[in-house]
Amino acid sequence: MSRRALLLAGGLPPPPDFARALHRPGDLVVAADSGLNLALAAGVPTDLVVGDLDSLQPGLERRFPVQRHPRDKDASDLELALEEAFRRGAREGLVLGALGGRLDHTIFNVVSLLEKALKMGFRVTLLAPGQEVFAAGPGVHPISKKKGWHCSILPLDPRACLSLEGMAYPLHEEWLYRASTRGLSNRVTSLQAQIEVHAGQVLVLLAEA
């Protein structure tokens, strides 16, 4: 049976209570560099620290298993943490601390990291209070208990074919284009909505109203 991973990034951290509420026994907890600070603040037991450790208080890593990487590398600490969690059997992951903070990091986390996870077969969701972001390929993707939330959908490919149910602006096998804002700011109107991707891959961005 695959494990769920809780990945803690070193970006803008959510409140410790938010992280604590998401953690559940059996989670594989991997901190990407200074994401360890969030784990400590939330009291979440950490299985592994991954990264170059350039943003961590010196000596703090000695208390935990570490996979250390050089500072000059071709992947972010969070990408390396994601790869290691997948290697250890995780097929579902929640990522905290990946939204907000530096814009370049946020864009790469939302676009590049989620697209990579999708290709790996790793269902990853980026979370912050009142925000969820995930990538979706062909298939049906339920949106549960998000009534009233904004829902924006952006194709990762030049275009994607979608059907939407339980939304203010439903679709039936219609094409959205990456170079268009048509998928911006829909609204969830049902406790059980769904997105069905018929062709292509998309980013789904949910924000509490």
# chains A, B, ... in the order shown; residues from 1 in each chain; ligands from 1
$ residues_around --residues "segment 84-93 of chain A" --least-positions-apart "3" --cutoff "9 Å" --atoms "only C-alpha atoms" --output "count of residues only"
22
$ select_by_dssp --residues "chain A" --states "strand (DSSP E)" --output "number ranges by chain"
A: 3-8, 28-32, 48-51, 66-68, 90-96, 123-128, 131-136, 139-144, 150-155, 159-165, 171-177, 186-187, 192-199, 202-207
$ closest_residue --among "A:Lys119, A:His105, A:His141, A:His150" --to "Glu196 of chain A" --atoms "only C-alpha atoms"
A:His141
$ residues_around --residues "Ala9 of chain A" --least-positions-apart "4" --cutoff "9 Å" --atoms "only C-alpha atoms" --output "PyMOL selection string"
chain A and resi 13+30-36+38+77-78+81+95-98
$ write_last_selection --atoms "N, CA and C atoms" --output "mmCIF file, in the first residue's frame"
data_model
loop_
_atom_site.group_PDB
_atom_site.id
_atom_site.type_symbol
_atom_site.label_atom_id
_atom_site.label_comp_id
_atom_site.auth_asym_id
_atom_site.auth_seq_id
_atom_site.Cartn_x
_atom_site.Cartn_y
_atom_site.Cartn_z
ATOM 1 N N PRO A 13 5.315 30.056 5.052
ATOM 2 C CA PRO A 13 4.707 28.956 5.798
ATOM 3 C C PRO A 13 3.276 29.270 6.215
ATOM 4 N N VAL A 30 8.461 14.833 4.747
ATOM 5 C CA VAL A 30 9.753 15.222 4.178
ATOM 6 C C VAL A 30 9.829 16.742 4.160
ATOM 7 N N ALA A 31 10.839 17.282 4.812
ATOM 8 C CA ALA A 31 11.047 18.728 4.841
ATOM 9 C C ALA A 31 12.090 19.101 3.804
ATOM 10 N N ALA A 32 11.760 20.068 2.964
ATOM 11 C CA ALA A 32 12.716 20.599 1.998
ATOM 12 C C ALA A 32 13.436 21.772 2.650
ATOM 13 N N ASP A 33 14.676 21.535 3.063
ATOM 14 C CA ASP A 33 15.513 22.568 3.674
ATOM 15 C C ASP A 33 14.774 23.248 4.834
ATOM 16 N N SER A 34 14.532 24.561 4.735
ATOM 17 C CA SER A 34 13.945 25.288 5.866
ATOM 18 C C SER A 34 12.480 24.962 6.093
ATOM 19 N N GLY A 35 11.897 24.082 5.287
ATOM 20 C CA GLY A 35 10.582 23.548 5.613
ATOM 21 C C GLY A 35 10.585 22.837 6.956
ATOM 22 N N LEU A 36 11.785 22.462 7.410
ATOM 23 C CA LEU A 36 11.906 21.846 8.734
ATOM 24 C C LEU A 36 11.426 22.795 9.828
ATOM 25 N N LEU A 38 8.873 24.738 9.753
ATOM 26 C CA LEU A 38 7.426 24.560 9.864
ATOM 27 C C LEU A 38 7.102 23.280 10.618
ATOM 28 N N ASP A 77 15.147 22.322 -3.894
ATOM 29 C CA ASP A 77 15.049 21.420 -2.743
ATOM 30 C C ASP A 77 13.696 20.720 -2.716
ATOM 31 N N LEU A 78 12.638 21.442 -3.071
ATOM 32 C CA LEU A 78 11.308 20.841 -3.047
ATOM 33 C C LEU A 78 11.170 19.768 -4.116
ATOM 34 N N ALA A 81 12.849 16.758 -2.808
ATOM 35 C CA ALA A 81 12.032 16.143 -1.760
ATOM 36 C C ALA A 81 10.881 15.350 -2.362
ATOM 37 N N VAL A 95 1.547 19.412 -0.197
ATOM 38 C CA VAL A 95 2.713 20.283 -0.098
ATOM 39 C C VAL A 95 2.309 21.584 0.587
ATOM 40 N N LEU A 96 2.999 21.920 1.653
ATOM 41 C CA LEU A 96 2.769 23.173 2.378
ATOM 42 C C LEU A 96 3.992 24.068 2.220
ATOM 43 N N GLY A 97 3.760 25.374 2.196
ATOM 44 C CA GLY A 97 4.868 26.315 2.086
ATOM 45 C C GLY A 97 5.354 26.538 0.669
ATOM 46 N N ALA A 98 4.554 26.136 -0.323
ATOM 47 C CA ALA A 98 4.955 26.283 -1.727
ATOM 48 C C ALA A 98 4.242 27.434 -2.423
#
$ select_by_dssp --residues "segment 83-126 of chain A" --states "alpha helix (DSSP H)" --output "ChimeraX atom specification"
/A:83-87,103-108,114-120
$ residues_around --residues "Gly43 of chain A" --least-positions-apart "5" --cutoff "12 Å" --atoms "only C-alpha atoms" --output "ChimeraX atom specification"
/A:15-23,29,36-38
$ residues_around --residues "Gly183 of chain A" --least-positions-apart "4" --cutoff "8 Å" --atoms "only C-alpha atoms" --output "list of chain:residue names"
A:Ser152, A:Ile153, A:Leu154, A:Leu176
$ closest_residue --among "A:Pro158, A:Pro25, A:Gly148, A:Pro170" --to "Leu206 of chain A" --atoms "only C-alpha atoms"
A:Gly148
$ atom_distance --atom1 "atom CA of Ala179 of chain A" --atom2 "atom CA of Pro155 of chain A"
8.8 Å
$ closest_residue --among "A:Ala209, A:Ala117, A:Met167, A:Cys151" --to "Pro129 of chain A" --atoms "only C-alpha atoms"
A:Ala209
$ closest_residue --among "A:Leu171, A:Leu114, A:Ala41, A:Leu164" --to "Ala136 of chain A" --atoms "only C-alpha atoms"
A:Leu114
$ closest_residue --among "A:Leu60, A:Val188, A:Ile195, A:Ile107" --to "Gly137 of chain A" --atoms "only C-alpha atoms"
A:Ile195
$ residues_around --residues "Leu156 of chain A" --least-positions-apart "4" --cutoff "9 Å" --atoms "only C-alpha atoms" --output "ChimeraX atom specification"
/A:111,115,135,160,178,200-203
$ residues_around --residues "Ala199 of chain A" --least-positions-apart "4" --cutoff "10 Å" --atoms "only C-alpha atoms" --output "VMD selection string"
chain A and resid 137 to 139 157 159 to 162 173 175
$ atom_distance --atom1 "atom CA of Asn186 of chain A" --atom2 "atom CA of Glu165 of chain A"
11.3 Å
$ atom_distance --atom1 "atom CA of Leu40 of chain A" --atom2 "atom CA of Leu127 of chain A"
18.3 Å
